[in-house]
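Enquirer: Dropping in my_file32.txt, with compact mmCIF, C-alpha atoms.
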```
# COMPACT_ATOMS: atom_id res chain seq x y z
CA VAL A 1 13.34 17.80 31.53
CA THR A 2 16.86 16.63 32.25
CA GLU A 3 17.90 13.07 32.97
CA ASP A 4 21.33 11.46 32.99
CA LEU A 5 21.46 8.43 30.76
CA THR A 6 25.13 7.58 30.72
CA ARG A 7 24.30 3.95 29.97
CA VAL A 8 22.97 4.90 26.54
CA ARG A 9 25.48 4.46 23.76
CA HIS A 10 23.75 4.17 20.39
CA THR A 11 20.42 4.80 18.68
CA VAL A 12 18.90 3.42 15.50
CA ILE A 13 15.97 5.08 13.87
CA ALA A 14 15.32 3.07 10.82
CA SER A 15 16.97 5.57 8.58
CA SER A 16 19.24 7.74 10.67
CA VAL A 17 22.01 7.62 13.28
CA ILE A 18 22.13 10.04 16.17
CA ASN A 19 24.72 11.30 18.63
CA LEU A 20 22.36 13.13 20.91
CA ASP A 21 23.16 15.65 23.64
CA MET A 22 19.99 17.68 23.39
CA ILE A 23 16.61 17.34 21.66
CA ASN A 24 14.74 20.55 20.91
CA TYR A 25 11.29 20.61 19.36
CA THR A 26 9.82 24.05 18.75
CA PRO A 27 6.36 24.05 17.14
CA ASP A 28 4.68 27.32 16.21
CA PHE A 29 2.21 27.25 19.10
CA GLN A 30 4.57 26.55 21.99
CA GLN A 31 8.08 25.49 22.93
CA ILE A 32 8.94 22.16 24.44
CA LYS A 33 12.50 21.23 25.32
CA GLY A 34 13.88 17.92 26.47
CA THR A 35 17.53 17.80 27.43
CA VAL A 36 19.28 14.49 27.73
CA SER A 37 22.72 14.78 29.31
CA SER A 38 25.70 12.50 28.64
CA VAL A 39 23.91 10.61 25.90
CA ARG A 40 25.20 9.21 22.65
CA LEU A 41 22.50 7.99 20.29
CA ASP A 42 23.38 6.39 16.98
CA SER A 43 20.04 6.06 15.22
CA LEU A 44 18.93 4.37 12.04
CA LEU A 45 15.60 5.55 10.54
CA PRO A 46 14.06 4.19 7.31
CA LEU A 47 12.22 7.06 5.67
CA ALA A 48 8.94 5.68 4.38
CA PHE A 49 6.71 8.68 4.97
CA SER A 50 8.68 10.54 2.36
CA SER A 51 11.84 9.77 0.47
CA SER A 52 12.92 13.40 0.59
CA ARG A 53 11.42 14.74 3.83
CA SER A 54 12.14 13.13 7.16
CA LYS A 55 9.44 13.45 9.80
CA LEU A 56 12.23 13.95 12.31
CA SER A 57 14.06 16.50 10.19
CA GLY A 58 14.62 19.71 12.11
CA LEU A 59 13.48 18.18 15.40
CA ILE A 60 16.69 16.47 16.44
CA GLU A 61 19.81 18.52 17.08
CA GLY A 62 23.27 17.40 18.11
CA ALA A 63 22.60 13.89 16.78
CA LYS A 64 24.22 11.71 14.17
CA VAL A 65 21.54 10.21 11.96
CA PHE A 66 21.67 7.43 9.37
CA VAL A 67 19.09 8.11 6.65
CA ASN A 68 18.20 4.87 4.88
CA GLY A 69 16.12 4.42 1.74
CA ALA A 70 15.55 1.70 -0.79
CA SER A 71 15.18 3.30 -4.21
CA SER A 72 18.39 5.30 -4.61
CA LEU A 73 21.34 6.65 -2.67
CA GLU A 74 20.74 10.04 -4.27
CA LYS A 75 17.33 10.35 -2.58
CA CYS A 76 18.89 9.33 0.74
CA GLU A 77 21.55 11.99 0.29
CA ARG A 78 18.90 14.65 -0.36
CA ALA A 79 17.04 13.64 2.79
CA ALA A 80 20.25 13.49 4.83
CA ALA A 81 21.16 16.99 3.66
CA LYS A 82 18.17 18.30 5.64
CA ILE A 83 19.30 16.61 8.86
CA GLN A 84 22.41 17.94 10.56
CA ASN A 85 25.24 15.44 11.08
CA SER A 86 23.49 12.63 9.22
CA VAL A 87 24.75 9.82 7.00
CA PRO A 88 22.87 8.39 3.99
CA VAL A 89 22.52 4.62 3.71
CA ASN A 90 20.97 2.69 0.83
CA VAL A 91 19.66 -0.75 1.84
CA SER A 92 16.35 -2.13 0.59
CA LEU A 93 14.24 -3.95 3.18
CA SER A 94 13.17 -6.29 0.39
CA ASP A 95 16.73 -7.68 0.58
CA VAL A 96 16.74 -10.86 2.67
CA LEU A 97 20.04 -9.70 4.20
CA CYS A 98 18.80 -6.16 4.96
CA ALA A 99 19.14 -6.43 8.74
CA LYS A 100 22.75 -7.64 8.55
CA LYS A 101 23.67 -4.99 5.97
CA LEU A 102 22.12 -2.14 7.97
CA HIS A 103 23.80 -3.31 11.15
CA GLU A 104 27.14 -3.40 9.37
CA ALA A 105 26.56 0.18 8.20
CA THR A 106 25.47 1.59 11.57
CA GLY A 107 26.91 -0.57 14.32
CA ASP A 108 24.96 -1.05 17.56
CA ILE A 109 22.30 1.51 18.36
CA ASP A 110 19.89 2.61 21.11
CA ILE A 111 16.81 3.61 19.12
CA LEU A 112 15.29 1.69 16.23
CA VAL A 113 12.49 3.25 14.18
CA LEU A 114 10.89 0.96 11.63
CA ASN A 115 9.33 3.40 9.22
CA ALA A 116 9.68 1.77 5.80
CA SER A 117 6.76 0.16 3.99
CA ILE A 118 5.42 -0.73 0.58
CA GLN A 119 1.84 -0.85 -0.64
CA TYR A 120 0.00 -1.96 -3.77
CA ARG A 121 -3.36 -0.35 -4.37
CA LYS A 122 -5.46 -3.14 -5.86
CA LYS A 123 -8.64 -4.98 -5.10
CA TRP A 124 -8.07 -8.01 -2.88
CA ASP A 125 -8.85 -10.48 -5.69
CA GLY A 126 -6.27 -8.87 -7.98
CA ILE A 127 -3.22 -9.07 -5.70
CA THR A 128 -0.56 -11.38 -7.12
CA SER A 129 1.51 -13.79 -5.07
CA GLU A 130 4.61 -11.66 -5.72
CA GLU A 131 2.87 -8.48 -4.53
CA PHE A 132 1.64 -10.23 -1.41
CA ASP A 133 5.10 -11.57 -0.60
CA GLU A 134 6.81 -8.21 -1.15
CA GLN A 135 4.46 -6.35 1.20
CA VAL A 136 4.82 -9.00 3.90
CA ARG A 137 8.60 -9.03 3.40
CA VAL A 138 9.08 -5.26 3.76
CA ASN A 139 6.25 -4.34 6.12
CA LEU A 140 6.43 -7.22 8.57
CA LYS A 141 9.29 -9.69 8.20
CA ALA A 142 11.96 -6.99 7.92
CA SER A 143 10.63 -5.41 11.13
CA LEU A 144 11.16 -8.66 13.01
CA GLU A 145 14.61 -9.18 11.52
CA LEU A 146 15.76 -5.65 12.38
CA ILE A 147 14.55 -5.98 15.96
CA GLN A 148 16.32 -9.33 16.22
CA GLU A 149 19.50 -7.72 14.90
CA TYR A 150 19.56 -4.64 17.11
CA ALA A 151 17.87 -5.75 20.35
CA PRO A 152 20.79 -7.77 21.81
CA HIS A 153 22.87 -4.62 22.32
CA MET A 154 19.90 -2.82 23.89
CA LYS A 155 19.38 -5.74 26.26
CA ALA A 156 23.05 -5.82 27.19
CA GLN A 157 23.04 -2.13 28.15
CA ASN A 158 19.57 -2.32 29.71
CA TYR A 159 18.21 0.51 27.56
CA GLY A 160 16.56 0.87 24.18
CA ARG A 161 13.73 2.36 22.19
CA ILE A 162 11.98 0.57 19.33
CA LEU A 163 9.28 2.29 17.31
CA THR A 164 7.31 0.63 14.55
CA VAL A 165 5.23 2.76 12.21
CA GLY A 166 1.80 1.42 11.40
CA SER A 167 -1.22 3.04 9.79
CA VAL A 168 -4.77 4.15 10.43
CA GLN A 169 -5.58 1.22 8.16
CA GLN A 170 -5.14 -1.01 11.18
CA TYR A 171 -8.54 0.38 12.19
CA LYS A 172 -10.11 1.39 8.87
CA PRO A 173 -8.58 -0.68 6.07
CA HIS A 174 -8.86 0.72 2.56
CA ALA A 175 -10.82 -1.60 0.25
CA GLU A 176 -7.95 -1.58 -2.25
CA MET A 177 -5.13 -2.12 0.25
CA ALA A 178 -6.22 -5.29 2.04
CA VAL A 179 -2.76 -6.84 2.25
CA TYR A 180 -1.06 -3.60 3.28
CA ALA A 181 -3.59 -3.12 6.09
CA ALA A 182 -3.14 -6.73 7.18
CA THR A 183 0.65 -6.32 7.43
CA LYS A 184 0.22 -3.25 9.63
CA CYS A 185 -2.16 -5.15 11.93
CA ALA A 186 0.34 -7.99 12.14
CA GLN A 187 3.18 -5.58 12.91
CA MET A 188 1.16 -4.08 15.77
CA SER A 189 0.59 -7.56 17.19
CA LEU A 190 4.33 -8.19 16.94
CA CYS A 191 5.00 -4.88 18.71
CA GLU A 192 2.71 -5.77 21.64
CA ASN A 193 4.18 -9.25 21.97
CA ILE A 194 7.82 -8.15 21.93
CA ALA A 195 7.13 -5.14 24.17
CA LYS A 196 6.18 -7.38 27.08
CA GLN A 197 9.29 -9.51 26.65
CA LEU A 198 11.77 -6.63 26.34
CA ALA A 199 10.31 -4.41 29.09
CA PRO A 200 12.44 -6.03 31.86
CA PHE A 201 15.54 -4.89 29.94
CA GLY A 202 14.65 -1.20 29.93
CA ILE A 203 13.50 -1.36 26.32
CA THR A 204 10.21 0.13 25.16
CA VAL A 205 8.47 -1.06 21.98
CA ASN A 206 5.68 1.10 20.61
CA ASN A 207 3.77 1.78 17.40
CA LEU A 208 2.87 5.06 15.73
CA SER A 209 -0.16 4.98 13.41
CA PRO A 210 -0.41 7.96 11.05
CA GLY A 211 -3.60 8.77 9.20
CA VAL A 212 -3.75 10.72 5.93
CA ILE A 213 -0.43 12.57 5.76
CA ALA A 214 0.39 14.95 2.90
CA THR A 215 3.59 13.37 1.58
CA PRO A 216 4.73 12.55 -1.97
CA ARG A 217 3.21 9.06 -1.61
CA ASN A 218 -0.25 10.63 -1.34
CA GLU A 219 0.32 13.53 -3.72
CA ALA A 220 -1.37 12.02 -6.76
CA ALA A 221 -4.42 10.74 -4.87
CA LEU A 222 -5.00 13.96 -2.95
CA GLY A 223 -4.43 15.93 -6.15
CA ASP A 224 -7.84 14.68 -7.27
CA LYS A 225 -10.09 17.27 -5.66
CA GLU A 226 -13.19 15.07 -5.62
CA TYR A 227 -11.27 12.22 -4.01
CA GLU A 228 -9.62 14.61 -1.55
CA LYS A 229 -13.03 15.93 -0.53
CA LYS A 230 -14.24 12.38 0.07
CA VAL A 231 -11.17 11.50 2.14
CA LEU A 232 -11.28 14.65 4.25
CA SER A 233 -14.97 14.12 4.98
CA GLY A 234 -13.95 11.00 6.92
CA ILE A 235 -11.48 12.89 9.13
CA PRO A 236 -13.15 14.62 12.11
CA ALA A 237 -10.37 17.24 12.21
CA GLY A 238 -11.22 18.08 8.61
CA PHE A 239 -7.74 18.18 7.10
CA ALA A 240 -4.79 16.01 6.12
CA GLY A 241 -1.81 15.93 8.44
CA VAL A 242 1.78 16.85 7.62
CA ALA A 243 5.11 15.31 8.57
CA GLU A 244 5.47 17.69 11.52
CA ASP A 245 2.34 16.19 13.09
CA CYS A 246 4.07 12.80 13.33
CA ALA A 247 7.55 13.91 14.38
CA PRO A 248 6.81 15.01 17.97
CA ALA A 249 4.82 11.83 18.61
CA ALA A 250 7.73 9.73 17.36
CA LEU A 251 10.17 11.81 19.39
CA LEU A 252 8.21 11.20 22.59
CA LEU A 253 8.18 7.44 22.08
CA CYS A 254 11.91 7.44 21.32
CA SER A 255 12.88 9.63 24.27
CA ALA A 256 13.93 8.97 27.85
CA GLU A 257 10.75 10.77 28.90
CA GLY A 258 8.73 7.99 27.24
CA ARG A 259 10.21 5.30 29.47
CA TYR A 260 6.83 4.27 30.97
CA ILE A 261 5.08 3.86 27.61
CA THR A 262 5.41 0.46 25.98
CA GLY A 263 3.21 -1.79 23.87
CA ALA A 264 1.16 1.26 22.93
CA ASP A 265 -0.24 2.49 19.62
CA LEU A 266 -0.13 6.28 19.30
CA ILE A 267 -2.62 7.23 16.59
CA VAL A 268 -1.93 10.49 14.74
CA ASP A 269 -4.85 10.74 12.32
CA GLY A 270 -7.09 13.67 13.20
CA GLY A 271 -9.67 11.19 14.51
CA MET A 272 -10.02 9.21 11.29
CA HIS A 273 -10.02 5.87 13.12
CA LEU A 274 -13.04 6.81 15.26
```
Once you've parsed the file, please lay out its structure as structure tokens.
Expert:
Amino acid sequence: VTEDLTRVRHTVIASSVINLDMINYTPDFQQIKGTVSSVRLDSLLPLAFSSSRSKLSGLIEGAKVFVNGASSLEKCERAAAKIQNSVPVNVSLSDVLCAKKLHEATGDIDILVLNASIQYRKKWDGITSEEFDEQVRVNLKASLELIQEYAPHMKAQNYGRILTVGSVQQYKPHAEMAVYAATKCAQMSLCENIAKQLAPFGITVNNLSPGVIATPRNEAALGDKEYEKKVLSGIPAGFAGVAEDCAPAALLLCSAEGRYITGADLIVDGGMHL
């Protein structure tokens, strides 16, 4: 698919920046190619699925990508090393000035992917006020602030892509992650609300909800074979997903080909939400 998008100038995927002339995604079972001509995408992408393994890594070619992470610049550098022509950035979304700092580091962009999150696994009656505030700050408030920061440029050029990353817990909240699940539900509501208001400006706003994905965050839990068996029994597909299951879905929602999709929640969970 080829479409001229000369009006596009920059892209932000919450932890990468992209100068994009062509996007190639080649899964094992087939080959899909989307070619975007005369496009420059500077994208910022916060890597929350995995600090060392981007879900877009290897799927975007010819793009400049800013890889942002909170814990250390070294981890960002390791992730950026796997993405051609990328730049590591180290800004924590728990910082009240995170949106300003990221914008200063990346400049205006065309695609914003809000992929960072934090979770505390505790029973609802054991969550402290500080833990509540931190999850709301990173998972919800920072999303709003980043959209506020980057949307004006998208509106001015009449083009943009915004992707929030939610969770299957919007549909099946874990008993020990009540606040985390609540923040993801709230973010989806925010996505739907803003999508309607930005649609007249050529901007799409969508959400991607992953299910159980085998990343370092889930390594310890899934390492318990009894617990893993219990978790997998609740997934109709019968297995945990991997980063590559999420990447093509994200790529679609961030592409020119996804122009008629907005306010949607694309669930990538092997049927767990059913």
Enquirer: From the set A:Ala220, A:Val138, A:Ile109, A:Ile127, which residue has the shortest atom-to-atom contact distance to A:Ala70, counting only C-alpha atoms?
Expert: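 The shortest atom-to-atom distance to A:Ala70 comes from A:Val138.
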Enquirer: Go through A:Ala214, A:Gly238, A:Ile194, A:Phe66 one by one, measure the shortest atom-to-atom distance of each to A:Ala105 using only C-alpha atoms, and give the residue with the smallest value.
Expert: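 With only C-alpha atoms as the atom set, the closest residue is A:Phe66.
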Enquirer: Go ahead and compute the interatomic distance for atom CA of A:Gln135 and atom CA of A:Leu97, in Å to one decimal.
Expert: 16.2 Å
Enquirer: Which of these residues is nearest to A:Gln119, using all atoms listed in the file: A:Lys184, A:His103, A:Lys225, A:Arg259?
Expert: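 Nearest candidate to A:Gln119 out of A:Lys184, A:His103, A:Lys225, A:Arg259: A:Lys184.
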Enquirer: So, with only C-alpha atoms as the atoms that count, which of A:Thr164, A:Ser94, A:Ala142, A:Glu244 lies closest to A:Glu130?
Expert: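 Under the stated criterion, the closest residue is A:Ser94.
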Enquirer: Using all atoms listed in the file, find the one residue out of A:Cys246, A:Ala240, A:Ala181, A:Leu208 that sits nearest to A:Thr262.
Expert: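 Between A:Cys246, A:Ala240, A:Ala181, A:Leu208, the residue approaching A:Thr262 most closely is A:Leu208.
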Enquirer: Take atom CA of A:Val96 and atom CA of A:Ser143 and report the distance between them in Å, one decimal.
Expert: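 Going from atom CA of A:Val96 over to atom CA of A:Ser143 covers 11.8 Å.
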Enquirer: Might I get the box with edges along x, y and z of the file that holds all atoms of stretch 225-241 of chain A listed there, padded by 4 Å on every side, given as centre and edge lengths in Å to one decimal, as JSON?
Expert:
```
{"center_x": -8.4, "center_y": 14.6, "center_z": 3.3, "size_x": 21.2, "size_y": 15.2, "size_z": 25.9}
```
Enquirer: At most 9 Å from (22.2, -2.3, 8.9), file frame, all atoms listed in the file: which residues, as a PyMOL selection string?
Expert: chain A and resi 14+44+89+91+98-107+146+149-150
